[in-house]
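Q: My questions all concern the structure below.
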Amino acid sequence: MTLEMIQASQVGLKAVGAGLAVGLAGVGTGVAEGGIGSAAVGAVAENKDFFGLALLFTVIPETIVIFGLVVALLLLF
Amino acid sequence: MLKARPMSRLFIAASKEQLEPVIHELYRHNLFHIDEFVDQTKEGYEGFRIGMPLAEASQASSDLLKIRSIASTYMVNTDSLEPGEKLKSHDLRVLIDRDLPVIEKETESLTTVRSALDNEEKEYEQKIELLRPFASIPVDMDLLRGYQTLSVYAGYVSKDVDLDIPNERYYSPSKSSNFIVLIVPAEQRAIAERALSDAMFQMIQIPEESGPAAKAIENYEAHARKLKDELTIILGKVEESRKKHSDFLLACDELLTSDVEKAEAPLRFATTDQAFVAEGFVPTCEVNNLIDAINKTTGGKCYAAELPVDPEHDKVPVEYNNPSFCDPTELIIDTYARPNYSEIDPTLVVAFVFPIFFGLMLGDVGYGLILLILSLVLRRFFKEGDGARLVKTLTIFSISAIVFGLLYSEFIGFKLFWEPLIFSRHMNIGGEGGGGAAIPELLVTSIWIGVLYITLGRIFSMINHARNDHGSHRTKLVLGNLGWLLVMWGLLIAIWAYFSMPLMLDLTKMTPIVAGINPGAITGILMIVVGVIFIARENVLDVFELPTIISHTLSFTRLVAVGLSSVAIAMVVNYIAIGLIIKPQMEHLTAVGVIIVVAGVLIFIVGHLGNAALGLIDGALQSLRLNYVEFFTKFYKGGGRKYNPFGMIRKFTED
């Protein structure tokens, strides 16, 4: 294995890491938002006034995927 | 600004004779938010009852019902018509007595004729539908029924039926279903039925018609056409009446609605046999004018006085008090909750920050222009109400995106003619994009925005508690909020002492004084310790919430992350469409090449439109979330009552 090959595979692994960071964080957010989202839609269907609060609760786990995205950006650039 | 419109409590008491003039005066001014009298055991109100509606209530209600029914027949509503010249309410009352019965009669006769024609047409259509399968059978319809020795079957089968017994059979196959008419001797029907059931027979009714089916269909179709023509004439008449009466109907609706509201107002007042009492809220700047007006109308026979407001116990209605450009933002605040009367109203802050956050994320001249065009088109469809306010928000968003696009030097992912004026977001994709994006600088900037915005939220919270709470409780709450600020800034200073970062203070060069710790770190740690003590004094359980300081601040990095992902998609679309498809083809253009180039252009357009839509949804939602979750949770309670004055803004009538 030459030095160039090692360097190239390092770049590749960085990309894989970035992909995993966004992908896994996205799955986590999806799982969390799924439960909250369905409850939120139910609440809004009962009473439209809950829309603001429902939106707030639904987007709370969104931070996780943003962290994933930030980590990926830091890895890549 | 930053506070709800100041309200005063108005108390009105008078004898019952003054009830009507007072109600009329209050309604005309459209200022008095009635505090409904519901609690008959309330202190000072013993012996009071809820009032009875005025005498004209039932007549006005029944007239209003008639008007609304006619209006719904003509599908007239306030949105469908631009208000023209206002009608005098006195003239209108004369017109209602004179014209309303005539219009009612006219409408009734038109609707009766219309529904009769509708029904008749439907009947013909039904008959045609029943006859349609028999159109291909070359036998008169009257020959298919009325036998004693023969059995006739008509219906759909999956395949043709072959019988050993004497029979007459008409079979017409088609793609979707095969139609069969089978006539057999009555005594051998069992055999025929068995064969038919093998062929999955579905019987249909034989219509009672005479002559060939095709001819009967033709006949009915001619009738139906004639009816349709008549119906068109009637619909034309309906449209004519609609045009003629819609102004009148809307004006009547408005006048009678106001009559009914006025007549039913006593239901919200406290009354005795001889007197009534009304309490409510009026904007402070208007209260004296209103009292003067009431005294003038009643000739001084009414007691109207301003009472002190107690924001803690009175449910004071809240009316926004912001510059007019904040109007669209008020909708966004209302979606979360209307502010309390005594707390800070964040509308003005959000009105600036919300579009700036959006611009920071989308920041592209091209996408900004697409959204601007979209908002200008939507403006034609939404002229008033919440829709129009959302469109205004979109316009502000698009302008913000264009301004930040100019600063970032971005046009649908391409660089403009100058270097980025703030930080570059041009990533190196497909070997293009120059020096790459300034990721660390962008991230640090977003953290700074987060720290400052959260600090502002905490300061608002301190002001709210200082204003509205009392005694040692107030001190604890204010210090608790100060504690959160101390921990956040202490953490930041401690980080500065150990790590050198762009756009942040660098305290790493300070000389250590104790155990290798420099003064910066010591200050930071002290701030954290004091902060935690303040937080714990307010509520020990809040200490477990300390990690939210980090997560809420880091949450602001979405301003960069979401923006960069939007830039990345734009650059990838450009690279695929131009770099991989169009450019190589243009070098040696062939006939097939032209098609590939067209496909490349399509990818370019669809990709960028999709990215613009994503940018709009994501940018707006994330920006909203930063306000709702990271900013509002620091200080905002909400739950105020909407100020809903007794009265109406008249569009079609005047006194």
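Each chain of the structure tokens is named A, B, ... in the order shown, its residues numbered from 1; ligands are numbered from 1 in display order.
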Do you know which residues are at most 6 Å from region 603-613 of chain B counting only C-alpha atoms, after dropping those on the same chain fewer than 2 positions away, and could you put them as a list in words?
A: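 Once the adjacent positions are removed, what remains is Tyr367, Val573, Ala577, Gly600, Val601, Gly615 and Leu616 of chain B.
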Q: Near chain B, which residues of chain A fall within 9 Å when you count only C-alpha atoms, and what do they look like as a list in words?
A: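 The answer, sorted by residue number, is Asp49, Phe50, Phe51, Gly52, Leu53, Leu55, Leu56, Phe57, Val59, Ile60, Glu62, Thr63, Ile64, Ile66, Phe67, Leu69, Val70, Leu73, Leu74 and Phe77 of chain A.
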Q: Output N, CA and C atoms of each residue in that selection to a file, as a CSV table (one decimal), in the first residue's frame.
A:
chain,number,residue,atom,x,y,z
A,49,ASP,N,-56.2,25.9,17.4
A,49,ASP,CA,-55.3,26.8,18.1
A,49,ASP,C,-54.0,26.2,18.6
A,50,PHE,N,-54.0,24.9,18.6
A,50,PHE,CA,-52.8,24.2,19.0
A,50,PHE,C,-51.6,24.2,17.9
A,51,PHE,N,-52.0,24.8,16.8
A,51,PHE,CA,-51.0,24.7,15.7
A,51,PHE,C,-49.6,25.1,16.0
A,52,GLY,N,-49.5,26.3,16.7
A,52,GLY,CA,-48.2,26.9,17.0
A,52,GLY,C,-47.4,25.9,17.9
A,53,LEU,N,-48.1,25.5,19.0
A,53,LEU,CA,-47.5,24.6,20.0
A,53,LEU,C,-47.2,23.3,19.4
A,55,LEU,N,-46.4,22.7,16.2
A,55,LEU,CA,-45.3,22.8,15.4
A,55,LEU,C,-44.0,22.9,16.2
A,56,LEU,N,-44.1,23.6,17.3
A,56,LEU,CA,-42.9,23.7,18.3
A,56,LEU,C,-42.5,22.4,18.7
A,57,PHE,N,-43.4,21.6,19.2
A,57,PHE,CA,-43.1,20.2,19.7
A,57,PHE,C,-42.5,19.4,18.6
A,59,VAL,N,-40.8,20.2,15.9
A,59,VAL,CA,-39.5,20.5,15.4
A,59,VAL,C,-38.4,20.4,16.5
A,60,ILE,N,-38.8,20.1,17.7
A,60,ILE,CA,-37.7,20.0,18.8
A,60,ILE,C,-36.6,19.0,18.4
A,62,GLU,N,-35.5,18.2,15.7
A,62,GLU,CA,-34.8,18.6,14.4
A,62,GLU,C,-33.4,19.0,14.7
A,63,THR,N,-33.1,19.4,15.9
A,63,THR,CA,-31.7,19.9,16.3
A,63,THR,C,-30.7,18.7,16.0
A,64,ILE,N,-31.2,17.5,16.3
A,64,ILE,CA,-30.3,16.3,16.2
A,64,ILE,C,-29.7,16.2,14.8
A,66,ILE,N,-29.5,18.6,12.6
A,66,ILE,CA,-28.7,19.7,12.3
A,66,ILE,C,-27.3,19.5,12.8
A,67,PHE,N,-27.2,18.9,14.0
A,67,PHE,CA,-25.9,18.6,14.6
A,67,PHE,C,-25.1,17.7,13.7
A,69,LEU,N,-25.5,17.4,10.5
A,69,LEU,CA,-25.2,18.1,9.3
A,69,LEU,C,-23.9,18.9,9.6
A,70,VAL,N,-23.9,19.6,10.8
A,70,VAL,CA,-22.7,20.4,11.1
A,70,VAL,C,-21.4,19.5,11.2
A,73,LEU,N,-20.3,18.7,7.8
A,73,LEU,CA,-19.7,19.8,7.1
A,73,LEU,C,-18.2,20.0,7.6
A,74,LEU,N,-18.1,19.9,8.9
A,74,LEU,CA,-16.7,20.0,9.5
A,74,LEU,C,-15.8,19.0,9.0
A,77,PHE,N,-15.1,19.8,5.0
A,77,PHE,CA,-14.4,21.0,4.5
A,77,PHE,C,-13.3,21.5,5.5
Q: How would you write, as a ChimeraX atom specification, the set of residues in region 91-333 of chain B that DSSP gives as alpha helix (DSSP H)?
A: /B:91-131,189-198,213-264,284-298,327-333
Q: According to DSSP computed on the backbone, where in region 120-198 of chain B is there strand (DSSP E)? Give the residues as a list of chain:residue names.
A: B:Leu150, B:Ser151, B:Val152, B:Tyr153, B:Ala154, B:Gly155, B:Tyr156, B:Val157, B:Glu168, B:Arg169, B:Tyr170, B:Tyr171, B:Ser172, B:Asn178, B:Phe179, B:Ile180, B:Val181, B:Leu182, B:Ile183, B:Val184, B:Pro185
Q: Give me, please, the distance in Å between CA of Asn518 (chain B) and CA of Val487 (chain B), quoted to one decimal.
A: 18.3 Å
Q: Which residue, A:Gly35, A:Pro61, A:Gly42, A:Gly68, has the smallest gap to Leu20 (chain A) when you use only C-alpha atoms?
A: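 Once distances to Leu20 (chain A) are computed over only C-alpha atoms, the minimum belongs to A:Gly68.
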Q: Tell me, as JSON, numbers by chain, which residues lie within 6 Å of Phe646 (chain B), counting only C-alpha atoms; anything in the same chain fewer than 6 positions away does not count.
A: {"B": [27, 30, 32, 33]}
Q: Determine, counting only C-alpha atoms, which protein, DNA and RNA residues have an atom within 8 Å of an atom of Ala54 (chain A); residues of the same chain fewer than 5 positions away are not included. Present the result as a ChimeraX atom specification.
A: /A:37,40-41,43-44
Q: Give me a file of those residues, with N, CA and C atoms, as a short mmCIF file (atom, residue, chain, number, x, y, z; two decimals), in the first residue's frame.
A:
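Okay, this is what ended up in selection.cif:
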data_model
loop_
_atom_site.label_atom_id
_atom_site.label_comp_id
_atom_site.auth_asym_id
_atom_site.auth_seq_id
_atom_site.Cartn_x
_atom_site.Cartn_y
_atom_site.Cartn_z
N GLY A 37 -45.06 14.01 15.81
CA GLY A 37 -45.85 14.53 14.68
C GLY A 37 -47.25 13.98 14.65
N ALA A 40 -49.22 15.48 17.33
CA ALA A 40 -49.46 16.90 17.05
C ALA A 40 -50.58 17.07 16.04
N VAL A 41 -50.57 16.24 14.99
CA VAL A 41 -51.62 16.34 13.98
C VAL A 41 -52.98 16.04 14.61
N ALA A 43 -53.82 16.55 17.73
CA ALA A 43 -54.21 17.69 18.56
C ALA A 43 -54.74 18.84 17.70
N VAL A 44 -54.05 19.10 16.57
CA VAL A 44 -54.47 20.20 15.71
C VAL A 44 -55.83 19.90 15.08
#
